[in-house]
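Structure file run_5.txt with compact mmCIF, C-alpha atoms:
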# COMPACT_ATOMS: atom_id res chain seq x y z
CA MET C 119 93.80 126.07 103.07
CA ALA C 120 91.33 128.76 102.09
CA ILE C 121 90.88 127.20 98.65
CA ALA C 122 90.50 123.71 100.15
CA ASN C 123 87.87 125.02 102.55
CA TRP C 124 86.11 126.79 99.67
CA ILE C 125 86.02 123.54 97.66
CA GLY C 126 84.78 121.60 100.69
CA ASP C 127 82.80 118.59 99.47
CA ASP C 128 81.59 120.28 96.27
CA LYS C 129 82.09 117.76 93.46
CA VAL C 130 82.06 120.40 90.71
CA LEU C 131 84.73 122.54 92.35
CA PHE C 132 86.71 119.42 93.14
CA ALA C 133 86.54 118.37 89.48
CA GLU C 134 88.07 121.74 88.55
CA LEU C 135 90.87 121.18 91.06
CA MET C 136 91.54 117.71 89.63
CA ASP C 137 91.63 119.17 86.12
CA LEU C 138 94.29 121.64 87.25
CA PHE C 139 96.21 118.86 88.96
CA LEU C 140 96.14 116.54 85.97
CA ASN C 141 96.22 118.86 82.98
CA SER C 142 98.12 122.05 83.81
CA GLU C 143 101.65 123.25 83.48
CA TYR C 144 103.86 122.20 86.35
CA ARG C 145 103.53 125.32 88.55
CA LEU C 146 99.74 125.10 88.60
CA THR C 147 100.00 121.34 89.09
CA GLN C 148 102.22 121.85 92.14
CA ARG C 149 99.82 124.36 93.65
CA ALA C 150 96.82 122.15 92.93
CA ALA C 151 98.65 119.23 94.57
CA TYR C 152 99.06 121.18 97.76
CA VAL C 153 95.36 122.08 97.88
CA MET C 154 94.48 118.50 97.03
CA LEU C 155 96.16 117.27 100.21
CA PHE C 156 94.09 119.57 102.39
CA VAL C 157 90.90 118.48 100.63
CA SER C 158 91.86 114.83 101.14
CA ASP C 159 92.18 115.35 104.90
CA LYS C 160 88.46 116.16 105.17
CA HIS C 161 86.87 114.68 102.04
CA ILE C 162 88.84 111.63 100.93
CA GLU C 163 85.68 110.18 99.35
CA LEU C 164 85.90 112.79 96.58
CA PHE C 165 88.96 110.98 95.19
CA LYS C 166 87.32 107.58 94.68
CA PRO C 167 86.12 108.30 91.11
CA TYR C 168 89.62 109.50 90.18
CA VAL C 169 91.68 106.49 91.29
CA GLY C 170 92.10 105.09 87.76
CA VAL C 171 92.89 108.48 86.26
CA LEU C 172 95.44 109.25 88.98
CA LEU C 173 97.14 105.88 88.52
CA ASN C 174 97.28 106.34 84.76
CA ASN C 175 98.78 109.77 85.31
CA LEU C 176 101.56 108.20 87.38
CA GLU C 177 102.40 105.95 84.42
CA ASN C 178 103.49 109.08 82.53
CA LYS C 179 107.30 109.15 82.72
CA LYS C 180 107.30 112.95 82.55
CA VAL C 181 105.08 113.38 85.59
CA HIS C 182 106.40 116.08 87.91
CA ILE C 183 107.82 114.93 91.26
CA ALA C 184 105.18 116.98 93.11
CA VAL C 185 102.42 115.11 91.31
CA LYS C 186 104.07 111.76 92.00
CA ARG C 187 104.73 112.51 95.67
CA ASN C 188 101.28 113.93 96.41
CA THR C 189 99.38 111.26 94.50
CA ILE C 190 101.18 108.46 96.33
CA ARG C 191 100.70 110.32 99.62
CA LEU C 192 96.99 110.46 98.88
CA PHE C 193 96.84 106.74 98.06
CA GLN C 194 98.26 105.77 101.43
CA ASN C 195 95.04 107.05 103.04
CA LEU C 196 92.58 106.07 100.31
CA HIS C 197 91.06 102.63 99.93
CA ILE C 198 92.13 101.56 96.45
CA PRO C 199 89.44 99.45 94.80
CA GLU C 200 90.50 95.87 94.08
CA LYS C 201 90.43 96.38 90.31
CA PHE C 202 93.18 99.03 90.65
CA GLN C 203 95.33 97.36 93.31
CA GLY C 204 97.54 95.51 90.82
CA GLN C 205 98.34 98.70 88.93
CA ALA C 206 98.93 100.63 92.15
CA ALA C 207 101.21 97.92 93.54
CA ALA C 208 103.23 97.76 90.31
CA ILE C 209 103.74 101.53 90.29
CA CYS C 210 104.70 101.61 93.96
CA PHE C 211 107.11 98.69 93.65
CA LYS C 212 108.76 100.49 90.72
CA TYR C 213 109.19 103.62 92.85
CA LEU C 214 110.50 101.61 95.78
CA GLU C 215 113.12 99.77 93.74
CA THR C 216 114.36 102.84 91.83
CA ALA C 217 117.59 103.99 93.47
CA THR C 218 117.17 107.61 92.40
CA GLU C 219 113.58 107.97 93.55
CA ALA C 220 112.86 110.61 96.20
CA ILE C 221 112.76 109.28 99.76
CA ALA C 222 109.27 110.68 100.36
CA VAL C 223 107.92 108.87 97.30
CA LYS C 224 109.56 105.62 98.46
CA CYS C 225 108.12 105.96 101.97
CA PHE C 226 104.61 106.71 100.71
CA ALA C 227 104.87 103.85 98.19
CA MET C 228 105.87 101.48 101.00
CA LYS C 229 102.68 102.35 102.88
CA VAL C 230 100.49 101.92 99.79
CA ILE C 231 102.01 98.49 99.16
CA ALA C 232 101.56 97.54 102.82
CA ASN C 233 97.88 98.48 102.62
CA ILE C 234 97.48 96.37 99.47
CA CYS C 235 99.31 93.48 101.20
CA GLU C 236 96.44 93.21 103.64
CA ASN C 237 94.32 91.96 100.70
CA GLU C 238 97.22 90.37 98.80
CA PRO C 239 99.55 88.76 101.37
CA ASP C 240 101.60 87.16 98.56
CA LEU C 241 103.22 90.58 98.04
CA ILE C 242 104.62 90.75 101.58
CA GLN C 243 107.77 88.78 100.81
CA GLU C 244 108.60 90.95 97.78
CA LEU C 245 108.12 94.08 99.87
CA GLN C 246 110.27 92.65 102.67
CA ILE C 247 113.14 91.82 100.30
CA LEU C 248 113.12 95.28 98.71
CA VAL C 249 113.02 97.08 102.05
CA GLU C 250 115.66 94.92 103.72
CA ASN C 251 118.04 95.41 100.77
CA GLN C 252 117.75 99.20 101.06
CA TYR C 253 117.51 99.50 104.83
CA PRO C 254 121.25 99.67 105.65
CA TYR C 255 121.66 102.57 103.21
CA GLY C 256 118.32 104.25 103.82
CA SER C 257 117.66 107.64 105.34
CA ALA C 258 116.24 108.04 108.83
CA GLY C 259 112.79 108.53 107.28
CA PHE C 260 113.11 105.36 105.22
CA LYS C 261 114.19 103.37 108.28
CA ALA C 262 111.38 104.72 110.43
CA ARG C 263 108.76 103.97 107.78
CA SER C 264 110.25 100.48 107.28
CA LYS C 265 109.85 99.69 110.98
CA HIS C 266 106.27 100.94 110.92
CA ILE C 267 105.43 98.87 107.83
CA PHE C 268 107.03 95.71 109.21
CA LYS C 269 105.07 96.15 112.42
CA GLN C 270 101.83 96.74 110.47
CA LEU C 271 102.35 93.56 108.45
CA LYS C 272 103.81 91.59 111.39
CA ILE C 273 107.04 90.90 109.49
CA LYS C 274 109.93 89.62 111.55
CA SER C 275 113.33 90.71 110.34
CA ASP C 276 116.86 90.44 111.64
CA ILE C 277 117.85 93.60 109.78
CA ILE C 278 115.11 95.94 110.92

This structure in structure tokens:
Amino acid sequence: MAIANWIGDDKVLFAELMDLFLNSEYRLTQRAAYVMLFVSDKHIELFKPYVGVLLNNLENKKVHIAVKRNTIRLFQNLHIPEKFQGQAAAICFKYLETATEAIAVKCFAMKVIANICENEPDLIQELQILVENQYPYGSAGFKARSKHIFKQLKIKSDII
């Protein structure tokens, strides 16, 4: 928290944090991810220039789970510009449909997709099918997030 407060809304210091997050060995990346979340709580606007870079980083198959989890967590609270929404949706759908993906990543991905669905309602049915198929076997967190998402998108379901 001290580092996040020190960075504040300083774009130069924030750029250094993003460099650590995107280009360091995994221990530094994990630590930078944690600081990044605290910065995002107060200064989400600092992330807007990095949306494309963060999405491209998620395309890397060797990306550490901490990077994946914290980037998707960030995207659920960040307005993703329209030009990046297709890429973001594709990444999040991939996470949601992967059986071995971490529950937290799936839950954050669900929220990102739901936010994109507000601009792209054609994606709602695909999201509904994926969630309903996993719901009976999902964790308590997955089920709770599913209910929240269905309520947000006004989806009626017999399963949820």

With the cut-off set at 7 Å and counting all atoms listed in the file, tabulate each residue of stretch 137-204 of chain C with an atom at most that distance from an atom of stretch 208-225 of chain C, showing the nearest atom pair and its distance in Å to one decimal, ordered by chain and increasing number, as CSV.
residue,atom,partner,partner_atom,distance
C:Arg187,CA,C:Val223,CA,5.1
C:Ile190,CA,C:Val223,CA,6.8
C:Gly204,CA,C:Ala208,CA,6.1

Using C-alpha atoms, can you export the residues from the last selection as an mmCIF file, keeping the file's coordinate frame?
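What ended up in result_22.cif:
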data_model
loop_
_atom_site.group_PDB
_atom_site.id
_atom_site.type_symbol
_atom_site.label_atom_id
_atom_site.label_comp_id
_atom_site.auth_asym_id
_atom_site.auth_seq_id
_atom_site.Cartn_x
_atom_site.Cartn_y
_atom_site.Cartn_z
ATOM 1 C CA ARG C 187 104.730 112.510 95.670
ATOM 2 C CA ILE C 190 101.180 108.460 96.330
ATOM 3 C CA GLY C 204 97.540 95.510 90.820
#

| task | Could you tell me which of C:Asn174, C:Ser264, C:Gln194, C:Asn188 comes closest to C:Glu250 if we count all atoms listed in the file? | result |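 Once distances to C:Glu250 are computed over all atoms listed in the file, the minimum belongs to C:Ser264.
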
Near C:Glu163, counting all atoms listed in the file, which residues have an atom at most 9 Å away, once you skip same-chain residues fewer than 4 positions from it, shown as a PDB file with C-alpha atoms, in the frame of the given file?
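What landed in around22.pdb:
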ATOM      1  CA  ASP C 127      82.800 118.590  99.470  1.00  0.00           C
ATOM      2  CA  SER C 158      91.860 114.830 101.140  1.00  0.00           C
ATOM      3  CA  PRO C 167      86.120 108.300  91.110  1.00  0.00           C
ATOM      4  CA  LEU C 196      92.580 106.070 100.310  1.00  0.00           C
TER       5      LEU C 196
END

| message | Nearest residue to C:Ile273 out of C:Glu177, C:Gln148, C:Tyr168, C:Cys235, using only C-alpha atoms? | response | C:Cys235
